[in-house]
2 protein chains.
Amino acid sequence: MKCLDLVIVGAGPGGMTAGIYAARKKMDFIMVTRDIGGQAILSSDIENYLGYQFITGVELVKKFREHVEYFNLEIRENEPARVVQKEGDFIRVETEKSKYFAKTVIVASGRVPRELGVKGEKEFKNRGVTYCATCDAPLFAGKDVAVIGGGNAGLDAVLQLIKIARKIFLLEFSSRITGDAVMLEKIKRSGKVEIYTETRVEEIYGNTFVKGLRVRKGEQVKEIEVEGVFVEIGSKPASGFVKEVKKNEKGEIIINPQCETSVPGIFAAGDVTNVFGKQIIVACGEGAKAALAAFLYLGKKAWKKEG
Amino acid sequence: MKCLDLVIVGAGPGGMTAGIYAARKKMDFIMVTRDIGGQAILSSDIENYLGYQFITGVELVKKFREHVEYFNLEIRENEPARVVQKEGDFIRVETEKSKYFAKTVIVASGRVPRELGVKGEKEFKNRGVTYCATCDAPLFAGKDVAVIGGGNAGLDAVLQLIKIARKIFLLEFSSRITGDAVMLEKIKRSGKVEIYTETRVEEIYGNTFVKGLRVRKGEQVKEIEVEGVFVEIGSKPASGFVKEVKKNEKGEIIINPQCETSVPGIFAAGDVTNVFGKQIIVACGEGAKAALAAFLYLGKKAWKKEG
């Protein structure tokens, strides 16, 4: 079996930047990924990717994709990694469809949405409960909806819904909205949003579809009638398929400043790691570092003839 | 005197990204800088800034500048920092023109070109000796020139000169050209470039202007007649104005994963630091981290009423 220089797992901002750097270094590599764009595609309005004043996640990912296509990278879409495992000097990457061997791997698999873990959530998933405002906001035209979570993701979901929904309830478990002040101001100006802090969702109820939420604020329990529930309470790293590497208590892969993990040859970049600042532009920078570090690693090691 | 939340020193990719993040967090801040764009403006062809397939440094910096202007950032150009010094809880930033006090500072002052340190170099500076191919290549139309340095910066200079100069001598002190293979191939295909490795410049000679180089390869000394000398042997961090922070042996400011320096309240980002990967996209990512870290620091500390 052919042994590649590198397999990149994931094609979000981090993986794509790693791909461009690997291509420029003429490394023999492929990318395997569930999708192209990763979490970047979930953002409606991106104002903080330097060089683009104002762009949607979908448009920015389109630019990324065009860039990557210009280098003729081999991206195997709909092929997420199932196993990344060191075998001797080499690393085995298994997907549902295939198996690869490589000298280095960059894990840039990002994060997946976190669930509320309340009654009714699983039952009404895709029947009113959603984790992607960009994908599903248009389904709730003229309807009342709730957004759970007052961080940037929650505010972003609210901003998308303002143009579409009738009324929006923004529910935050803690005592304050932590998202960007700029976004919060826009939300307040809209007059369409009721904000509840220190409010916890206890149940999502309905019939075939969602009809409402049961929420608690201190001793008080009340029902809020909505047809849509946008869960935006953060995410967890998609790191389960790499067993050997050291992770922190959140399940994030621990990296050093060269994006090296605890296993030589396995590098990691972006939101799947313990990097500070889970931002598109940060993930891009980390992807570049990981590719340069993998390139150095390839050059330094005396490789045995592969079998 | 008013105390700002933040002063950003430098307006290259790192400083500008920090500025955008600070603006979105509604921090009260200004930027002081020698120029806009920093080293990014020196690159002719940039292929690895995700989202732009192919762009010149000048054009990319124009995009950056437009982006920053959209946020109405206050950038004081032609005003490099002279001193950054902690005073009690606050930090004093002195420039040639003014003095500022702030609760936090982000040092993103980048790097300045390194000199050869040979006879004739100072004498013929701007009389044939230059450190900026983008700025000065057009002055050497139809002439023979030398590029000193076989890293990416050197190859980039050669690629710019291929379209303009008559013949180009690429001189590298070590035994191999270390720049990107893609660039080296283009250079070889041009048929206009003579490459010398293990070759050291000993003197730059001339009259009013450069006439040639004296170079040594092993025991052999020879003269190469050129009218232009492009020095591309790397750069050094522009960190001299921050005395207190810990630096490594190269003079780079040592940062932790949150872009914190050894002095609380002073953060640093990009090429002035010991970050791995001195790349535009990396500097951008680091600038975002530094601004987010400064914002956290402002929020956590109980600030005394400033005087």
# chains A, B, ... in the order shown; residues from 1 in each chain; ligands from 1

$ select_by_dssp --residues "segment 69-293 of chain A" --states "alpha helix (DSSP H)" --output "number ranges by chain"
A: 69-70, 133-136, 152-162, 181-190, 280-293

$ interface_residues --of "chain A" --to "chain B" --cutoff "9 Å" --atoms "only C-alpha atoms" --output "PyMOL selection string"
chain A and resi 13+16-17+20-21+23-26+47-54+60-68+70-71+180-183+256-258+275-289+292-293

$ select_by_dssp --residues "segment 25-237 of chain A" --states "strand (DSSP E)" --output "PyMOL selection string"
chain A and resi 29-36+75-76+81-87+90-95+99-107+111-113+129-130+144-148+167-171+193-196+200-206+210-217+220-225+228-231+235-237

$ residues_around --residues "segment 217-230 of chain A" --least-positions-apart "4" --cutoff "8 Å" --atoms "only C-alpha atoms" --output "tab-separated table (two decimals) with N, CA and C atoms, in the first residue's frame"
chain	number	residue	atom	x	y	z
A	128	GLY	N	-38.44	20.86	14.50
A	128	GLY	CA	-38.51	22.13	15.22
A	128	GLY	C	-37.24	22.42	15.99
A	129	VAL	N	-36.54	21.37	16.40
A	129	VAL	CA	-35.26	21.57	17.10
A	129	VAL	C	-34.12	21.50	16.08
A	130	THR	N	-33.27	22.54	16.09
A	130	THR	CA	-32.18	22.58	15.12
A	130	THR	C	-30.92	23.15	15.76
A	131	TYR	N	-29.78	22.86	15.13
A	131	TYR	CA	-28.48	23.31	15.64
A	131	TYR	C	-27.78	24.18	14.60
A	132	CYS	N	-28.51	24.58	13.57
A	132	CYS	CA	-27.89	25.36	12.48
A	132	CYS	C	-28.85	26.43	11.98
A	133	ALA	N	-28.65	27.65	12.47
A	133	ALA	CA	-29.53	28.76	12.07
A	133	ALA	C	-29.41	29.06	10.58
A	140	PHE	N	-38.71	29.02	9.26
A	140	PHE	CA	-39.55	29.56	10.33
A	140	PHE	C	-40.09	30.96	10.03
A	143	LYS	N	-42.96	32.82	12.10
A	143	LYS	CA	-43.26	32.02	13.29
A	143	LYS	C	-42.51	32.54	14.52
A	144	ASP	N	-42.95	32.12	15.69
A	144	ASP	CA	-42.23	32.44	16.93
A	144	ASP	C	-41.20	31.34	17.20
A	145	VAL	N	-40.00	31.77	17.55
A	145	VAL	CA	-38.93	30.81	17.79
A	145	VAL	C	-38.14	31.18	19.04
A	146	ALA	N	-37.40	30.21	19.56
A	146	ALA	CA	-36.49	30.48	20.67
A	146	ALA	C	-35.06	30.16	20.24
A	147	VAL	N	-34.14	30.99	20.71
A	147	VAL	CA	-32.72	30.68	20.55
A	147	VAL	C	-32.15	30.43	21.93
A	148	ILE	N	-31.50	29.30	22.11
A	148	ILE	CA	-30.93	28.96	23.41
A	148	ILE	C	-29.43	29.24	23.37
A	157	ALA	N	-27.45	33.60	15.51
A	157	ALA	CA	-28.71	32.93	15.15
A	157	ALA	C	-29.87	33.91	15.25
A	198	GLU	N	-30.44	34.01	33.10
A	198	GLU	CA	-30.63	33.09	34.24
A	198	GLU	C	-31.84	32.18	34.03
A	199	THR	N	-32.01	31.76	32.79
A	199	THR	CA	-33.18	30.97	32.44
A	199	THR	C	-32.73	29.66	31.81
A	200	ARG	N	-33.25	28.57	32.37
A	200	ARG	CA	-32.81	27.25	31.93
A	200	ARG	C	-33.97	26.51	31.26
A	209	PHE	N	-44.70	18.21	15.87
A	209	PHE	CA	-43.65	19.23	15.83
A	209	PHE	C	-43.61	19.98	17.17
A	210	VAL	N	-42.56	20.75	17.34
A	210	VAL	CA	-42.40	21.54	18.57
A	210	VAL	C	-43.57	22.50	18.75
A	211	LYS	N	-44.08	22.58	19.99
A	211	LYS	CA	-45.10	23.57	20.31
A	211	LYS	C	-44.61	24.58	21.35
A	212	GLY	N	-43.58	24.20	22.11
A	212	GLY	CA	-43.09	25.15	23.10
A	212	GLY	C	-42.01	24.60	23.99
A	213	LEU	N	-41.61	25.48	24.91
A	213	LEU	CA	-40.54	25.16	25.86
A	213	LEU	C	-41.06	25.34	27.27

$ residues_around --residues "segment 29-31 of chain B" --least-positions-apart "2" --cutoff "6 Å" --atoms "only C-alpha atoms" --output "list in words"
Leu4, Asp5, Leu6, Val7, Ile8, Val9, Met27, Glu74, Ile75 and Arg76 of chain B

$ residues_around --residues "segment 264-268 of chain A" --least-positions-apart "4" --cutoff "6 Å" --atoms "only C-alpha atoms" --output "list in words"
Thr104, Val105, Ile106, Val107, Ala108, Cys259 and Glu260 of chain A

$ residues_around --residues "Thr95 of chain B" --least-positions-apart "3" --cutoff "9 Å" --atoms "only C-alpha atoms" --output "VMD selection string"
chain B and resid 32 79 to 83 98 to 100

$ atom_distance --atom1 "atom CA of Gly57 of chain A" --atom2 "atom CA of Ala40 of chain A"
5.4 Å

$ atom_distance --atom1 "atom CA of Phe124 of chain A" --atom2 "atom CA of Thr178 of chain A"
27.6 Å

$ residues_around --residues "Glu249 of chain A" --least-positions-apart "6" --cutoff "12 Å" --atoms "only C-alpha atoms" --output "list in words"
Lys236, Pro237, Thr273 and Asn274 of chain A

$ write_last_selection --atoms "N, CA, C and O atoms" --output "mmCIF file, in the first residue's frame"
data_model
loop_
_atom_site.group_PDB
_atom_site.id
_atom_site.type_symbol
_atom_site.label_atom_id
_atom_site.label_comp_id
_atom_site.auth_asym_id
_atom_site.auth_seq_id
_atom_site.Cartn_x
_atom_site.Cartn_y
_atom_site.Cartn_z
ATOM 1 N N LYS A 236 -18.617 20.706 20.886
ATOM 2 C CA LYS A 236 -17.552 19.883 21.475
ATOM 3 C C LYS A 236 -16.604 19.432 20.370
ATOM 4 O O LYS A 236 -17.021 19.290 19.214
ATOM 5 N N PRO A 237 -15.339 19.216 20.718
ATOM 6 C CA PRO A 237 -14.365 18.858 19.690
ATOM 7 C C PRO A 237 -14.668 17.504 19.066
ATOM 8 O O PRO A 237 -15.069 16.572 19.759
ATOM 9 N N THR A 273 -8.533 21.473 18.759
ATOM 10 C CA THR A 273 -7.427 21.527 19.720
ATOM 11 C C THR A 273 -7.745 22.464 20.883
ATOM 12 O O THR A 273 -8.787 23.132 20.894
ATOM 13 N N ASN A 274 -6.808 22.551 21.817
ATOM 14 C CA ASN A 274 -6.940 23.466 22.948
ATOM 15 C C ASN A 274 -6.435 24.863 22.619
ATOM 16 O O ASN A 274 -6.118 25.641 23.512
#

$ atom_distance --atom1 "atom CA of Gly270 of chain B" --atom2 "atom CA of Arg111 of chain A"
25.7 Å

$ closest_residue --among "B:Gly240, B:Gly110, B:Gly150, B:Gly206" --to "Lys125 of chain B" --atoms "only C-alpha atoms"
B:Gly206

$ closest_residue --among "B:Asp271, B:Glu202, B:Ser262, B:Lys250" --to "Val118 of chain B" --atoms "only C-alpha atoms"
B:Glu202

$ closest_residue --among "B:Arg34, B:Lys188, B:Lys86, B:Lys247" --to "Ile162 of chain B" --atoms "only C-alpha atoms"
B:Lys188
